[in-house]
Structure formats: C-alpha cells, structure tokens
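data-v9.csv (CSV, C-alpha atoms) appears below.
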```csv
chain,number,residue,atom,x,y,z
S,1,MET,CA,0.0,0.0,0.0
S,2,THR,CA,2.8,2.4,0.8
S,3,ALA,CA,4.6,1.8,-2.5
S,4,SER,CA,1.2,2.3,-4.3
S,5,TRP,CA,0.7,5.7,-2.6
S,6,ILE,CA,4.3,6.7,-3.4
S,7,PHE,CA,4.0,5.9,-7.1
S,8,THR,CA,0.5,7.4,-7.3
S,9,ASN,CA,1.7,10.7,-5.8
S,10,ILE,CA,4.8,10.8,-7.9
S,11,SER,CA,2.8,10.3,-11.1
S,12,ALA,CA,-0.4,12.1,-10.3
S,13,PHE,CA,0.7,15.7,-11.1
S,14,GLY,CA,2.0,14.6,-14.5
S,15,TRP,CA,-1.1,12.7,-15.3
S,16,TRP,CA,-3.5,15.6,-14.4
S,17,ASN,CA,-1.3,18.0,-16.4
S,18,TRP,CA,-1.4,15.7,-19.4
S,19,MET,CA,-5.2,15.2,-19.2
S,20,ALA,CA,-5.6,19.0,-18.9
S,21,GLU,CA,-3.7,19.4,-22.2
S,22,ILE,CA,-5.6,16.7,-23.9
S,23,ILE,CA,-9.2,17.4,-22.8
S,24,PRO,CA,-10.5,20.7,-24.2
S,25,HIS,CA,-11.4,23.2,-21.6
S,26,LYS,CA,-15.0,23.5,-22.8
S,27,ILE,CA,-15.8,19.9,-22.1
S,28,ARG,CA,-13.4,19.2,-19.3
S,29,ALA,CA,-15.9,19.2,-16.4
S,30,TYR,CA,-18.3,17.0,-18.4
S,31,PHE,CA,-15.5,14.6,-19.3
S,32,PHE,CA,-14.2,14.2,-15.8
S,33,GLY,CA,-17.8,14.0,-14.4
S,34,ARG,CA,-18.7,11.2,-16.8
S,35,ARG,CA,-15.3,9.5,-16.1
S,36,SER,CA,-16.0,9.7,-12.4
S,37,ASN,CA,-19.5,8.2,-12.9
S,38,VAL,CA,-18.2,5.3,-14.9
S,39,SER,CA,-15.4,4.7,-12.5
S,40,ASN,CA,-17.7,4.6,-9.5
S,41,ILE,CA,-20.2,2.3,-11.2
S,42,VAL,CA,-17.4,-0.1,-12.1
S,43,ASN,CA,-15.9,0.0,-8.6
S,44,ILE,CA,-19.3,-0.7,-7.0
S,45,GLY,CA,-20.0,-3.5,-9.4
S,46,TRP,CA,-16.5,-5.0,-8.8
S,47,PHE,CA,-16.9,-4.7,-5.1
S,48,PHE,CA,-20.2,-6.6,-5.0
S,49,LEU,CA,-19.0,-9.2,-7.5
S,50,VAL,CA,-15.8,-9.9,-5.5
S,51,SER,CA,-17.6,-10.0,-2.2
S,52,GLY,CA,-20.1,-12.5,-3.6
S,53,ILE,CA,-17.4,-14.7,-5.1
S,54,LEU,CA,-15.4,-14.7,-1.8
S,55,ASP,CA,-18.6,-15.5,0.2
S,56,ALA,CA,-19.5,-18.3,-2.2
S,57,VAL,CA,-16.1,-20.0,-2.3
S,58,SER,CA,-14.6,-21.9,0.6
S,59,GLY,CA,-11.7,-24.2,1.4
S,60,SER,CA,-8.6,-24.3,-0.8
S,61,ALA,CA,-10.7,-22.9,-3.7
S,62,LEU,CA,-10.6,-19.6,-1.9
S,63,TYR,CA,-6.9,-19.2,-2.9
S,64,TYR,CA,-7.8,-19.7,-6.5
S,65,ALA,CA,-10.6,-17.1,-6.2
S,66,TYR,CA,-8.1,-14.6,-4.8
S,67,ALA,CA,-5.6,-15.4,-7.6
S,68,VAL,CA,-8.3,-14.8,-10.2
S,69,ILE,CA,-9.4,-11.6,-8.5
S,70,PHE,CA,-5.8,-10.2,-8.4
S,71,LEU,CA,-5.2,-11.4,-12.0
S,72,VAL,CA,-8.2,-9.5,-13.2
S,73,GLY,CA,-7.1,-6.4,-11.3
S,74,GLY,CA,-3.6,-6.7,-12.8
S,75,ILE,CA,-4.9,-7.2,-16.3
S,76,GLY,CA,-7.1,-4.1,-15.8
S,77,GLY,CA,-4.1,-2.1,-14.7
S,78,LEU,CA,-2.1,-3.2,-17.7
S,79,ALA,CA,-5.0,-2.4,-20.0
S,80,ASP,CA,-5.1,1.1,-18.5
S,81,ILE,CA,-1.4,1.6,-19.3
S,82,LEU,CA,-1.8,0.2,-22.8
S,83,LEU,CA,-4.8,2.5,-23.5
S,84,HIS,CA,-2.8,5.6,-22.4
S,85,ILE,CA,0.2,4.7,-24.5
S,86,PHE,CA,-1.6,5.4,-27.8
S,87,ILE,CA,-2.9,8.9,-26.7
S,88,PRO,CA,-0.8,11.4,-28.7
S,89,GLU,CA,1.3,13.9,-26.8
S,90,ILE,CA,0.4,17.6,-27.2
S,91,HIS,CA,3.4,19.9,-27.2
S,92,GLN,CA,2.4,23.5,-26.6
S,93,ARG,CA,5.5,24.8,-24.9
S,94,THR,CA,7.0,28.0,-26.1
S,95,GLU,CA,10.7,28.6,-26.2
S,96,SER,CA,10.6,30.8,-23.1
S,97,ASP,CA,9.0,27.9,-21.1
S,98,SER,CA,11.8,25.5,-20.5
S,99,GLY,CA,9.8,23.5,-17.9
S,100,ASP,CA,12.5,24.1,-15.3
S,101,ILE,CA,11.3,25.1,-11.9
S,102,SER,CA,13.3,26.8,-9.1
S,103,LEU,CA,14.0,25.2,-5.8
S,104,SER,CA,11.6,27.5,-4.0
S,105,GLU,CA,8.8,26.5,-6.4
S,106,PHE,CA,9.6,22.8,-5.9
S,107,LEU,CA,9.5,23.2,-2.1
S,108,GLU,CA,6.3,25.3,-2.1
S,109,PRO,CA,4.0,22.5,-1.1
S,110,LEU,CA,6.0,22.0,2.1
S,111,ARG,CA,5.0,25.5,3.1
S,112,ASN,CA,1.3,24.7,2.7
S,113,ARG,CA,-0.4,23.8,6.0
S,114,ASN,CA,-3.1,21.8,4.2
S,115,PHE,CA,-0.6,19.7,2.2
S,116,ILE,CA,1.4,18.9,5.4
S,117,GLY,CA,-1.8,17.8,7.1
S,118,LEU,CA,-2.7,15.6,4.2
S,119,CYS,CA,0.8,14.0,4.2
S,120,LEU,CA,0.6,13.4,7.9
S,121,SER,CA,-2.9,11.9,7.8
S,122,VAL,CA,-1.9,9.6,4.8
S,123,GLY,CA,1.2,8.6,6.8
S,124,VAL,CA,-0.8,7.7,9.9
S,125,VAL,CA,-3.3,5.7,7.8
S,126,LEU,CA,-0.6,3.8,6.0
S,127,SER,CA,1.6,3.1,9.0
S,128,PRO,CA,1.4,-0.5,10.3
```

Now that the file is in, can you turn its structure into structure tokens?
Amino acid sequence: MTASWIFTNISAFGWWNWMAEIIPHKIRAYFFGRRSNVSNIVNIGWFFLVSGILDAVSGSALYYAYAVIFLVGGIGGLADILLHIFIPEIHQRTESDSGDISLSEFLEPLRNRNFIGLCLSVGVVLSP
C-alpha cells in the first residue's frame, strides 16, 4: 500500500497536467464528471462481485478465487497503461517555457499547511 501511494503521488501531477492538455477546456468538467460516474459504477459492481465470489467459495478454492481476482485487477491495470500509450502527446510549450522550476517552487507544497496535514494523515493511515 505504501509503494502504491508513493507511485501514485509521484505520477499524479504529470497525469493531471497531461489530461488538462488533452481534454478541451469547454468539455473538461463534463468529461471528468462522466469519467467519475463510470469509475464509481465499475468500482461498486466489482466490489459486490468480488464480495459475492469470496462469500460463495470456501476451502482451498478460496486461494484460486483470490488469484483470479488479483489477476483480473492486474490485467485491468495493464489495459489502462496500454490504452494511455496510444494517446498522442500535445506539445504546446513556447521557447521561453523550459519546464524548469526553481528550488523554491519545488518546495512550495512544504510551506502549505493543508498539504502537510494531508501528508501526515496519509502517513498515519498507511503506517502499520
């Protein structure tokens, strides 16, 4: 779980920035609203399906059920990556925008009280 949170937080900013460049501003709210709806429906369906499977299976077959569940989750994760690979990059940088940031800009979140609170609460939740 800790590794998952680390990789999620490392990549989240780049992903949101990339999506902001790809999805036109006029339809962005609609797109992400629909995306959220579909994601929630799939998550709810998956939750009840997995709960039903785990309740119905017993004995040593339970290990196979877990293996299938994690296999489906892994295939879903790989499919997500493969779907994103074919989305073309949009390069809109000007010559004056090198993409470099100063050290003070990089450390700015560490001066934000809300960000520090979020980090501490996530750390408490994920600590064993």

Counting only C-alpha atoms, the option among S:Pro109, S:Ser127, S:Ile87, S:Val50 closest to Val72 of chain S:
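Going through S:Pro109, S:Ser127, S:Ile87, S:Val50 one by one, the smallest distance to Val72 of chain S is for S:Val50.
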
Nearest to Leu49 of chain S, chosen from S:Ile69, S:Ser36, S:Asn9, S:Gly123, with all atoms listed in the file counted in the distances
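Among S:Ile69, S:Ser36, S:Asn9, S:Gly123, it is S:Ile69 that comes nearest to Leu49 of chain S.
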
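Reported to one decimal place, the separation of atom CA of Gly33 of chain S from atom CA of Phe7 of chain S is 24.4 Å.
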
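Closest approach to Ile6 of chain S among S:Val122, S:Leu78, S:Ala56, S:Val42: S:Val122, based on all atoms listed in the file.
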
If I take atom CA of Cys119 of chain S and atom CA of Thr2 of chain S, how far is one from the other in Å, to one decimal?
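Computing it gives 12.3 Å between the two atoms.
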